[in-house]
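Pasting start23.pdb here (PDB, C-alpha atoms):
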```pdb
ATOM      1  CA  MET I  80       0.000   0.000   0.000  1.00  0.00           C
ATOM      2  CA  GLY I  81       2.889   2.347   0.781  1.00  0.00           C
ATOM      3  CA  MET I  82       4.427   1.763  -2.654  1.00  0.00           C
ATOM      4  CA  MET I  83       1.056   2.383  -4.331  1.00  0.00           C
ATOM      5  CA  ALA I  84       0.612   5.683  -2.471  1.00  0.00           C
ATOM      6  CA  SER I  85       4.123   6.765  -3.452  1.00  0.00           C
ATOM      7  CA  LEU I  86       3.398   5.889  -7.076  1.00  0.00           C
ATOM      8  CA  MET I  87       0.146   7.896  -7.068  1.00  0.00           C
ATOM      9  CA  ASN I  88       1.930  10.915  -5.621  1.00  0.00           C
ATOM     10  CA  THR I  89       4.610  10.602  -8.295  1.00  0.00           C
ATOM     11  CA  VAL I  90       2.227  10.533 -11.263  1.00  0.00           C
ATOM     12  CA  ARG I  91      -0.140  13.151  -9.822  1.00  0.00           C
ATOM     13  CA  ASP I  92      -0.501  16.208 -12.007  1.00  0.00           C
ATOM     14  CA  PRO I  93       1.073  19.311 -10.370  1.00  0.00           C
ATOM     15  CA  ASP I  94      -1.664  21.490 -11.852  1.00  0.00           C
ATOM     16  CA  LEU I  95      -4.265  19.370 -10.054  1.00  0.00           C
ATOM     17  CA  ASP I  96      -2.480  19.997  -6.755  1.00  0.00           C
ATOM     18  CA  ARG I  97      -2.527  23.710  -7.452  1.00  0.00           C
ATOM     19  CA  ILE I  98      -6.251  23.656  -8.250  1.00  0.00           C
ATOM     20  CA  GLU I  99      -7.032  21.582  -5.161  1.00  0.00           C
ATOM     21  CA  SER I 100      -5.160  24.041  -2.927  1.00  0.00           C
ATOM     22  CA  ASP I 101      -6.901  27.067  -4.419  1.00  0.00           C
ATOM     23  CA  PRO I 102      -9.102  28.775  -1.773  1.00  0.00           C
ATOM     24  CA  THR I 103     -11.923  29.266  -4.261  1.00  0.00           C
ATOM     25  CA  THR I 104     -11.982  25.543  -5.058  1.00  0.00           C
ATOM     26  CA  ARG I 105     -12.119  24.614  -1.386  1.00  0.00           C
ATOM     27  CA  ALA I 106     -14.850  27.190  -0.758  1.00  0.00           C
ATOM     28  CA  ALA I 107     -16.917  25.769  -3.616  1.00  0.00           C
ATOM     29  CA  ARG I 108     -16.902  22.365  -1.925  1.00  0.00           C
ATOM     30  CA  MET I 109     -18.026  23.739   1.411  1.00  0.00           C
ATOM     31  CA  GLU I 110     -21.494  24.816   2.391  1.00  0.00           C
ATOM     32  CA  PRO I 111     -21.751  28.527   1.572  1.00  0.00           C
ATOM     33  CA  ASP I 112     -23.565  29.063   4.865  1.00  0.00           C
ATOM     34  CA  MET I 113     -25.528  27.346   7.602  1.00  0.00           C
ATOM     35  CA  ALA I 114     -28.907  27.986   5.972  1.00  0.00           C
ATOM     36  CA  MET I 115     -29.702  24.311   5.440  1.00  0.00           C
ATOM     37  CA  GLY I 116     -28.959  23.584   9.076  1.00  0.00           C
ATOM     38  CA  VAL I 117     -31.313  26.347  10.136  1.00  0.00           C
ATOM     39  CA  LEU I 118     -33.992  24.978   7.812  1.00  0.00           C
ATOM     40  CA  ASN I 119     -33.620  21.586   9.467  1.00  0.00           C
ATOM     41  CA  ALA I 120     -34.100  23.301  12.815  1.00  0.00           C
ATOM     42  CA  ILE I 121     -37.277  24.964  11.486  1.00  0.00           C
ATOM     43  CA  PHE I 122     -38.697  21.607  10.448  1.00  0.00           C
ATOM     44  CA  GLY I 123     -37.780  20.291  13.881  1.00  0.00           C
ATOM     45  CA  TRP I 124     -39.753  23.070  15.515  1.00  0.00           C
ATOM     46  CA  MET I 125     -42.688  22.159  13.292  1.00  0.00           C
ATOM     47  CA  TRP I 126     -42.911  18.861  15.173  1.00  0.00           C
ATOM     48  CA  TYR I 127     -43.239  20.822  18.398  1.00  0.00           C
ATOM     49  CA  ILE I 128     -46.050  22.840  16.806  1.00  0.00           C
ATOM     50  CA  VAL I 129     -47.827  19.641  15.729  1.00  0.00           C
ATOM     51  CA  PHE I 130     -47.478  18.308  19.268  1.00  0.00           C
ATOM     52  CA  PHE I 131     -48.889  21.545  20.663  1.00  0.00           C
ATOM     53  CA  LEU I 132     -51.891  21.569  18.299  1.00  0.00           C
ATOM     54  CA  PHE I 133     -52.814  17.884  18.374  1.00  0.00           C
ATOM     55  CA  VAL I 134     -51.798  16.807  21.890  1.00  0.00           C
ATOM     56  CA  PHE I 135     -51.244  19.652  24.323  1.00  0.00           C
ATOM     57  CA  LEU I 136     -53.983  22.038  23.172  1.00  0.00           C
ATOM     58  CA  PRO I 137     -56.780  19.391  23.006  1.00  0.00           C
ATOM     59  CA  LEU I 138     -55.734  18.194  26.453  1.00  0.00           C
ATOM     60  CA  ILE I 139     -55.970  21.709  27.891  1.00  0.00           C
ATOM     61  CA  ILE I 140     -59.209  22.661  26.133  1.00  0.00           C
ATOM     62  CA  SER I 141     -61.248  19.461  26.376  1.00  0.00           C
ATOM     63  CA  GLY I 142     -59.425  17.562  29.098  1.00  0.00           C
ATOM     64  CA  GLN I 143     -59.095  14.583  26.755  1.00  0.00           C
ATOM     65  CA  LEU I 144     -55.856  13.230  25.338  1.00  0.00           C
ATOM     66  CA  THR I 145     -56.723  12.294  21.769  1.00  0.00           C
ATOM     67  CA  VAL I 146     -54.594  11.929  18.662  1.00  0.00           C
ATOM     68  CA  TRP I 147     -57.298  13.566  16.550  1.00  0.00           C
ATOM     69  CA  PRO I 148     -58.574  16.696  18.299  1.00  0.00           C
ATOM     70  CA  ASN I 149     -62.183  17.703  18.567  1.00  0.00           C
ATOM     71  CA  TRP I 150     -62.359  20.568  16.101  1.00  0.00           C
ATOM     72  CA  ALA I 151     -65.477  21.937  17.795  1.00  0.00           C
ATOM     73  CA  TYR I 152     -63.273  23.117  20.649  1.00  0.00           C
ATOM     74  CA  PHE I 153     -60.967  24.846  18.186  1.00  0.00           C
ATOM     75  CA  TRP I 154     -63.956  26.594  16.677  1.00  0.00           C
ATOM     76  CA  GLN I 155     -65.032  27.794  20.097  1.00  0.00           C
ATOM     77  CA  LEU I 156     -61.541  29.112  20.648  1.00  0.00           C
ATOM     78  CA  LEU I 157     -61.258  30.869  17.296  1.00  0.00           C
ATOM     79  CA  ALA I 158     -64.845  32.171  17.295  1.00  0.00           C
ATOM     80  CA  ASN I 159     -63.904  34.586  20.053  1.00  0.00           C
ATOM     81  CA  VAL I 160     -61.156  36.122  17.898  1.00  0.00           C
ATOM     82  CA  SER I 161     -62.305  38.985  15.698  1.00  0.00           C
ATOM     83  CA  PRO I 162     -61.941  38.389  11.926  1.00  0.00           C
ATOM     84  CA  TYR I 163     -60.372  41.832  11.758  1.00  0.00           C
ATOM     85  CA  SER I 164     -57.600  40.442  13.956  1.00  0.00           C
ATOM     86  CA  PHE I 165     -57.040  37.625  11.470  1.00  0.00           C
ATOM     87  CA  ALA I 166     -56.806  40.120   8.611  1.00  0.00           C
ATOM     88  CA  GLY I 167     -54.368  42.237  10.607  1.00  0.00           C
ATOM     89  CA  VAL I 168     -52.226  39.202  11.377  1.00  0.00           C
ATOM     90  CA  GLY I 169     -52.243  38.320   7.665  1.00  0.00           C
ATOM     91  CA  MET I 170     -50.916  41.762   6.779  1.00  0.00           C
ATOM     92  CA  GLY I 171     -48.310  41.559   9.521  1.00  0.00           C
ATOM     93  CA  ILE I 172     -46.901  38.156   8.633  1.00  0.00           C
ATOM     94  CA  SER I 173     -46.859  38.963   4.903  1.00  0.00           C
ATOM     95  CA  ILE I 174     -44.441  41.848   5.370  1.00  0.00           C
ATOM     96  CA  THR I 175     -42.573  40.278   8.308  1.00  0.00           C
ATOM     97  CA  PHE I 176     -41.701  36.957   6.703  1.00  0.00           C
ATOM     98  CA  SER I 177     -40.970  38.642   3.372  1.00  0.00           C
ATOM     99  CA  ILE I 178     -38.438  40.893   5.087  1.00  0.00           C
ATOM    100  CA  ILE I 179     -36.964  37.943   6.989  1.00  0.00           C
ATOM    101  CA  GLY I 180     -36.550  36.022   3.724  1.00  0.00           C
ATOM    102  CA  ALA I 181     -35.020  39.053   2.001  1.00  0.00           C
ATOM    103  CA  ALA I 182     -32.655  39.764   4.904  1.00  0.00           C
ATOM    104  CA  TRP I 183     -31.613  36.130   5.098  1.00  0.00           C
ATOM    105  CA  GLY I 184     -30.920  36.046   1.367  1.00  0.00           C
ATOM    106  CA  ILE I 185     -28.881  39.253   1.541  1.00  0.00           C
ATOM    107  CA  LEU I 186     -26.914  37.818   4.467  1.00  0.00           C
ATOM    108  CA  ILE I 187     -26.116  34.627   2.549  1.00  0.00           C
ATOM    109  CA  SER I 188     -25.235  36.158  -0.810  1.00  0.00           C
ATOM    110  CA  GLY I 189     -23.697  39.347   0.583  1.00  0.00           C
ATOM    111  CA  SER I 190     -21.237  37.504   2.802  1.00  0.00           C
ATOM    112  CA  SER I 191     -20.140  35.295  -0.110  1.00  0.00           C
ATOM    113  CA  ILE I 192     -19.758  38.297  -2.409  1.00  0.00           C
ATOM    114  CA  SER I 193     -17.698  40.155   0.185  1.00  0.00           C
ATOM    115  CA  GLY I 194     -15.471  37.148   0.823  1.00  0.00           C
ATOM    116  CA  ALA I 195     -14.897  36.365  -2.857  1.00  0.00           C
ATOM    117  CA  ALA I 196     -14.224  40.050  -3.615  1.00  0.00           C
ATOM    118  CA  ILE I 197     -11.073  39.925  -1.486  1.00  0.00           C
ATOM    119  CA  ARG I 198      -9.445  37.679  -4.071  1.00  0.00           C
ATOM    120  CA  THR I 199     -11.380  38.758  -7.175  1.00  0.00           C
ATOM    121  CA  PRO I 200     -12.533  42.406  -6.898  1.00  0.00           C
ATOM    122  CA  ARG I 201     -13.824  42.559 -10.475  1.00  0.00           C
ATOM    123  CA  MET I 202     -16.826  40.316  -9.679  1.00  0.00           C
ATOM    124  CA  VAL I 203     -18.470  42.644  -7.144  1.00  0.00           C
ATOM    125  CA  SER I 204     -20.399  44.972  -9.441  1.00  0.00           C
ATOM    126  CA  ARG I 205     -22.303  42.394 -11.472  1.00  0.00           C
ATOM    127  CA  ASN I 206     -22.966  40.113  -8.489  1.00  0.00           C
ATOM    128  CA  LEU I 207     -24.866  42.939  -6.798  1.00  0.00           C
ATOM    129  CA  ILE I 208     -27.838  41.761  -8.845  1.00  0.00           C
ATOM    130  CA  SER I 209     -28.208  38.979  -6.266  1.00  0.00           C
ATOM    131  CA  ILE I 210     -28.747  41.635  -3.588  1.00  0.00           C
ATOM    132  CA  ILE I 211     -31.337  43.338  -5.788  1.00  0.00           C
ATOM    133  CA  PHE I 212     -33.229  40.067  -6.258  1.00  0.00           C
ATOM    134  CA  CYS I 213     -33.287  39.522  -2.486  1.00  0.00           C
ATOM    135  CA  GLU I 214     -34.474  43.077  -1.858  1.00  0.00           C
ATOM    136  CA  ALA I 215     -37.311  42.560  -4.342  1.00  0.00           C
ATOM    137  CA  VAL I 216     -38.672  39.776  -2.121  1.00  0.00           C
ATOM    138  CA  GLY I 217     -39.224  42.280   0.700  1.00  0.00           C
ATOM    139  CA  ILE I 218     -40.922  44.652  -1.736  1.00  0.00           C
ATOM    140  CA  TYR I 219     -43.368  41.899  -2.729  1.00  0.00           C
ATOM    141  CA  GLY I 220     -44.461  41.587   0.903  1.00  0.00           C
ATOM    142  CA  LEU I 221     -44.829  45.345   1.197  1.00  0.00           C
ATOM    143  CA  ILE I 222     -47.010  45.484  -1.920  1.00  0.00           C
ATOM    144  CA  ILE I 223     -49.463  42.825  -0.718  1.00  0.00           C
ATOM    145  CA  ALA I 224     -49.609  44.386   2.752  1.00  0.00           C
ATOM    146  CA  LEU I 225     -50.545  47.781   1.279  1.00  0.00           C
ATOM    147  CA  LEU I 226     -53.178  46.194  -0.966  1.00  0.00           C
ATOM    148  CA  MET I 227     -54.697  44.363   1.984  1.00  0.00           C
ATOM    149  CA  ASN I 228     -54.697  47.510   4.098  1.00  0.00           C
ATOM    150  CA  ASN I 229     -56.605  49.393   1.390  1.00  0.00           C
ATOM    151  CA  LYS I 230     -59.103  46.535   1.171  1.00  0.00           C
ATOM    152  CA  MET I 231     -60.104  46.647   4.827  1.00  0.00           C
ATOM    153  CA  LYS I 232     -62.926  49.161   5.172  1.00  0.00           C
ATOM    154  CA  MET I 233     -65.050  49.921   8.202  1.00  0.00           C
ATOM    155  CA  GLU I 234     -67.594  51.922   6.241  1.00  0.00           C
ATOM    156  CA  GLY I 235     -71.229  50.856   6.012  1.00  0.00           C
ATOM    157  CA  ASP I 236     -73.310  48.409   7.996  1.00  0.00           C
ATOM    158  CA  HIS I 237     -71.204  45.289   8.335  1.00  0.00           C
ATOM    159  CA  PHE I 238     -72.892  43.801  11.385  1.00  0.00           C
ATOM    160  CA  LEU I 239     -75.923  41.588  11.810  1.00  0.00           C
ATOM    161  CA  PRO I 240     -78.759  42.835  14.016  1.00  0.00           C
ATOM    162  CA  PRO I 241     -78.287  41.730  17.627  1.00  0.00           C
ATOM    163  CA  SER I 242     -80.160  38.651  18.767  1.00  0.00           C
ATOM    164  CA  ALA I 243     -80.966  37.777  22.342  1.00  0.00           C
ATOM    165  CA  ASP I 244     -81.501  34.071  21.578  1.00  0.00           C
ATOM    166  CA  VAL I 245     -78.484  33.189  19.436  1.00  0.00           C
ATOM    167  CA  ALA I 246     -74.858  34.122  20.016  1.00  0.00           C
ATOM    168  CA  LEU I 247     -73.623  35.584  16.748  1.00  0.00           C
ATOM    169  CA  PRO I 248     -70.251  34.246  15.545  1.00  0.00           C
ATOM    170  CA  ALA I 249     -67.401  36.370  14.205  1.00  0.00           C
ATOM    171  CA  ASP I 250     -68.273  39.374  16.365  1.00  0.00           C
ATOM    172  CA  GLY I 251     -71.681  39.543  14.691  1.00  0.00           C
ATOM    173  CA  LEU I 252     -70.211  40.416  11.288  1.00  0.00           C
ATOM    174  CA  LYS I 253     -72.151  39.505   8.185  1.00  0.00           C
ATOM    175  CA  PHE I 254     -71.016  36.336   6.506  1.00  0.00           C
ATOM    176  CA  GLY I 255     -69.542  38.038   3.455  1.00  0.00           C
ATOM    177  CA  ILE I 256     -67.533  40.517   5.528  1.00  0.00           C
ATOM    178  CA  ALA I 257     -66.136  37.802   7.798  1.00  0.00           C
ATOM    179  CA  GLN I 258     -65.300  35.668   4.768  1.00  0.00           C
ATOM    180  CA  SER I 259     -63.435  38.587   3.185  1.00  0.00           C
ATOM    181  CA  LEU I 260     -61.380  39.135   6.328  1.00  0.00           C
ATOM    182  CA  TYR I 261     -60.425  35.467   6.487  1.00  0.00           C
ATOM    183  CA  THR I 262     -59.518  35.640   2.793  1.00  0.00           C
ATOM    184  CA  LEU I 263     -57.104  38.470   3.519  1.00  0.00           C
ATOM    185  CA  PHE I 264     -55.522  36.350   6.244  1.00  0.00           C
ATOM    186  CA  ALA I 265     -55.063  33.486   3.759  1.00  0.00           C
ATOM    187  CA  ALA I 266     -53.534  35.864   1.195  1.00  0.00           C
ATOM    188  CA  GLY I 267     -51.065  37.191   3.750  1.00  0.00           C
ATOM    189  CA  LEU I 268     -50.121  33.682   4.859  1.00  0.00           C
ATOM    190  CA  THR I 269     -49.570  32.582   1.247  1.00  0.00           C
ATOM    191  CA  VAL I 270     -47.274  35.507   0.449  1.00  0.00           C
ATOM    192  CA  ALA I 271     -45.418  35.143   3.751  1.00  0.00           C
ATOM    193  CA  ILE I 272     -44.487  31.488   3.248  1.00  0.00           C
ATOM    194  CA  GLY I 273     -43.727  31.891  -0.459  1.00  0.00           C
ATOM    195  CA  ASN I 274     -41.505  34.943  -0.068  1.00  0.00           C
ATOM    196  CA  PHE I 275     -39.708  33.430   2.908  1.00  0.00           C
ATOM    197  CA  ALA I 276     -38.736  30.405   0.796  1.00  0.00           C
ATOM    198  CA  CYS I 277     -37.964  32.592  -2.227  1.00  0.00           C
ATOM    199  CA  GLY I 278     -35.578  34.821  -0.264  1.00  0.00           C
ATOM    200  CA  ILE I 279     -33.595  31.835   1.027  1.00  0.00           C
ATOM    201  CA  ALA I 280     -33.465  30.262  -2.451  1.00  0.00           C
ATOM    202  CA  VAL I 281     -32.217  33.473  -4.078  1.00  0.00           C
ATOM    203  CA  GLY I 282     -29.626  33.957  -1.346  1.00  0.00           C
ATOM    204  CA  LEU I 283     -28.232  30.424  -1.682  1.00  0.00           C
ATOM    205  CA  VAL I 284     -28.042  30.595  -5.477  1.00  0.00           C
ATOM    206  CA  GLY I 285     -26.550  34.090  -5.294  1.00  0.00           C
ATOM    207  CA  SER I 286     -23.887  32.825  -2.923  1.00  0.00           C
ATOM    208  CA  ALA I 287     -22.998  29.980  -5.282  1.00  0.00           C
ATOM    209  CA  CYS I 288     -22.997  32.424  -8.191  1.00  0.00           C
ATOM    210  CA  ALA I 289     -20.468  34.684  -6.460  1.00  0.00           C
ATOM    211  CA  ILE I 290     -18.132  31.767  -5.669  1.00  0.00           C
ATOM    212  CA  ALA I 291     -18.397  30.412  -9.218  1.00  0.00           C
ATOM    213  CA  ASP I 292     -17.838  33.840 -10.756  1.00  0.00           C
ATOM    214  CA  ALA I 293     -14.718  34.338  -8.675  1.00  0.00           C
ATOM    215  CA  ALA I 294     -13.332  31.070 -10.038  1.00  0.00           C
ATOM    216  CA  ASP I 295     -14.477  31.448 -13.651  1.00  0.00           C
ATOM    217  CA  ARG I 296     -16.189  34.537 -15.028  1.00  0.00           C
ATOM    218  CA  ASP I 297     -17.828  32.501 -17.792  1.00  0.00           C
ATOM    219  CA  LEU I 298     -20.012  30.707 -15.227  1.00  0.00           C
ATOM    220  CA  PHE I 299     -21.795  33.880 -14.124  1.00  0.00           C
ATOM    221  CA  VAL I 300     -24.456  33.992 -16.841  1.00  0.00           C
ATOM    222  CA  GLN I 301     -25.361  30.316 -16.513  1.00  0.00           C
ATOM    223  CA  ILE I 302     -25.864  30.486 -12.759  1.00  0.00           C
ATOM    224  CA  LEU I 303     -27.634  33.850 -13.057  1.00  0.00           C
ATOM    225  CA  ILE I 304     -30.346  32.106 -15.090  1.00  0.00           C
ATOM    226  CA  ILE I 305     -30.923  29.735 -12.159  1.00  0.00           C
ATOM    227  CA  GLU I 306     -31.120  32.724  -9.809  1.00  0.00           C
ATOM    228  CA  ILE I 307     -33.700  34.404 -12.038  1.00  0.00           C
ATOM    229  CA  PHE I 308     -35.904  31.315 -11.895  1.00  0.00           C
ATOM    230  CA  ALA I 309     -35.588  31.296  -8.093  1.00  0.00           C
ATOM    231  CA  SER I 310     -36.582  34.964  -7.952  1.00  0.00           C
ATOM    232  CA  VAL I 311     -39.623  34.413 -10.182  1.00  0.00           C
ATOM    233  CA  LEU I 312     -41.108  32.176  -7.491  1.00  0.00           C
ATOM    234  CA  GLY I 313     -41.694  35.291  -5.394  1.00  0.00           C
ATOM    235  CA  ILE I 314     -43.583  36.903  -8.272  1.00  0.00           C
ATOM    236  CA  PHE I 315     -45.793  33.821  -8.569  1.00  0.00           C
ATOM    237  CA  THR I 316     -46.561  34.077  -4.857  1.00  0.00           C
ATOM    238  CA  LEU I 317     -47.365  37.782  -5.169  1.00  0.00           C
ATOM    239  CA  ILE I 318     -49.748  37.134  -8.071  1.00  0.00           C
ATOM    240  CA  VAL I 319     -51.598  34.438  -6.117  1.00  0.00           C
ATOM    241  CA  GLY I 320     -51.799  36.725  -3.077  1.00  0.00           C
ATOM    242  CA  ILE I 321     -53.249  39.552  -5.171  1.00  0.00           C
ATOM    243  CA  LEU I 322     -55.828  37.198  -6.706  1.00  0.00           C
ATOM    244  CA  GLN I 323     -56.832  36.023  -3.235  1.00  0.00           C
ATOM    245  CA  SER I 324     -57.112  39.564  -1.849  1.00  0.00           C
ATOM    246  CA  ASN I 325     -59.258  40.601  -4.822  1.00  0.00           C
ATOM    247  CA  GLU I 326     -61.864  38.084  -3.644  1.00  0.00           C
ATOM    248  CA  ALA I 327     -62.341  40.174  -0.494  1.00  0.00           C
ATOM    249  CA  ASP I 328     -65.310  42.508  -1.015  1.00  0.00           C
ATOM    250  CA  PHE I 329     -66.341  44.916   1.726  1.00  0.00           C
ATOM    251  CA  SER I 330     -69.020  46.767  -0.204  1.00  0.00           C
ATOM    252  CA  THR I 331     -72.326  47.044   1.648  1.00  0.00           C
ATOM    253  CA  ALA I 332     -74.298  46.318  -1.519  1.00  0.00           C
ATOM    254  CA  SER I 333     -72.681  42.931  -1.940  1.00  0.00           C
ATOM    255  CA  PHE I 334     -73.447  41.860   1.623  1.00  0.00           C
ATOM    256  CA  GLY I 335     -76.626  43.697   2.394  1.00  0.00           C
ATOM    257  CA  LYS I 336     -78.388  40.578   3.583  1.00  0.00           C
ATOM    258  CA  ALA I 337     -77.707  38.710   6.769  1.00  0.00           C
TER     259      ALA I 337
END
```
For this file, write the structure as structure tokens.
Amino acid sequence: MGMMASLMNTVRDPDLDRIESDPTTRAARMEPDMAMGVLNAIFGWMWYIVFFLFVFLPLIISGQLTVWPNWAYFWQLLANVSPYSFAGVGMGISITFSIIGAAWGILISGSSISGAAIRTPRMVSRNLISIIFCEAVGIYGLIIALLMNNKMKMEGDHFLPPSADVALPADGLKFGIAQSLYTLFAAGLTVAIGNFACGIAVGLVGSACAIADAADRDLFVQILIIEIFASVLGIFTLIVGILQSNEADFSTASFGKA
């Protein structure tokens, strides 16, 4: 075995040794960041959420430990929350998670661009497009939040007449109004999750693009195409969120009946 190792070292190409020892080559083999580890931690926390919803919460609410919760108790819990609160939470999480995704992407790609620029300064200017793509993700969340805010109107008669015999759900709001508020919550949740994933995807591809460009400038355009496709996912999410929010109608004429 010792003779074989000596023979392999003798016939080894010196240029291959130089390429292997290049810092850019070693960096390309390493994880550009710890994003995947953090994603694994997020999925781990999801198991805690499932445990909370399907084990702990049913046990607290109904006093029964069941694998499949009694959804009637959940309805009683959620019925006391105003639909306007759901719509407000939808607006909040749409902009919050979009900004988190954008900031995370900028952190990933920006750190790789800064590190690669030490050895190859010429690649900084054109790799700034990765930062622009990440910033656009935050703008998508801002756009849907502003659209949702303009949709929510308190004008007109949105409430059912009070009844002494029946407890009115959803704070006594008419069905159409309550449905519109829940629709805004769904739109905000859709944009939040989509932009969060889009920001991380753009950041990871932008990081790889910076490392590849530092090693070979001809690789920039090819990897940029991949980054564009990752960025388009945020636009798809924004379009779906806008279509969902357009279904929310707060006009009194449309919901004049109880």
Exercise. So what do you get for CA of Ile211 (chain I) versus CA of Leu268 (chain I), distance-wise?
Worked result: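 Between CA of Ile211 (chain I) and CA of Leu268 (chain I) the gap is 23.7 Å.
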Exercise. Between CA of Cys213 (chain I) and CA of Leu312 (chain I), what is the distance, to one decimal in Å?
Worked result: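 For CA of Cys213 (chain I) relative to CA of Leu312 (chain I), the distance reads 11.8 Å.
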Exercise. Given the file above and the PyMOL selection byres ((chain I and resi 261) around 12), which residues are selected, and can you give them as a ChimeraX atom specification?
Worked result: /I:157,160-170,227,231,249,252,254-260,262-268,323-324,326-328
Exercise. Near Ser173 (chain I), counting all atoms listed in the file, which residues have an atom at most 9 Å away, once you skip same-chain residues fewer than 6 positions from it, shown as number ranges by chain?
Worked result: I: 219-221, 223-224, 266-272, 274
Spatial neighbours of Ile185 (chain I), 9 Å, only C-alpha atoms, chain gap at least 3 places, as a PDB file with C-alpha atoms, in the coordinates of the input:
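out37.pdb, written as the output of this step:
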```
ATOM      1  CA  GLY I 180     -36.550  36.022   3.724  1.00  0.00           C
ATOM      2  CA  ALA I 181     -35.020  39.053   2.001  1.00  0.00           C
ATOM      3  CA  ALA I 182     -32.655  39.764   4.904  1.00  0.00           C
ATOM      4  CA  SER I 188     -25.235  36.158  -0.810  1.00  0.00           C
ATOM      5  CA  GLY I 189     -23.697  39.347   0.583  1.00  0.00           C
ATOM      6  CA  SER I 190     -21.237  37.504   2.802  1.00  0.00           C
ATOM      7  CA  SER I 209     -28.208  38.979  -6.266  1.00  0.00           C
ATOM      8  CA  ILE I 210     -28.747  41.635  -3.588  1.00  0.00           C
ATOM      9  CA  ILE I 211     -31.337  43.338  -5.788  1.00  0.00           C
ATOM     10  CA  PHE I 212     -33.229  40.067  -6.258  1.00  0.00           C
ATOM     11  CA  CYS I 213     -33.287  39.522  -2.486  1.00  0.00           C
ATOM     12  CA  GLU I 214     -34.474  43.077  -1.858  1.00  0.00           C
ATOM     13  CA  GLY I 278     -35.578  34.821  -0.264  1.00  0.00           C
ATOM     14  CA  ILE I 279     -33.595  31.835   1.027  1.00  0.00           C
ATOM     15  CA  VAL I 281     -32.217  33.473  -4.078  1.00  0.00           C
ATOM     16  CA  GLY I 282     -29.626  33.957  -1.346  1.00  0.00           C
ATOM     17  CA  GLY I 285     -26.550  34.090  -5.294  1.00  0.00           C
TER      18      GLY I 285
END
```
Exercise. Just how far from CA of Phe315 (chain I) is CA of Leu225 (chain I), in Å to one decimal?
Worked result: 17.7 Å
For this session: Using only C-alpha atoms, pick whichever of I:Ile314, I:Leu186, I:Ala287, I:Ile128 has the shortest atom-to-atom distance to Gly273 (chain I).
Result: I:Ile314
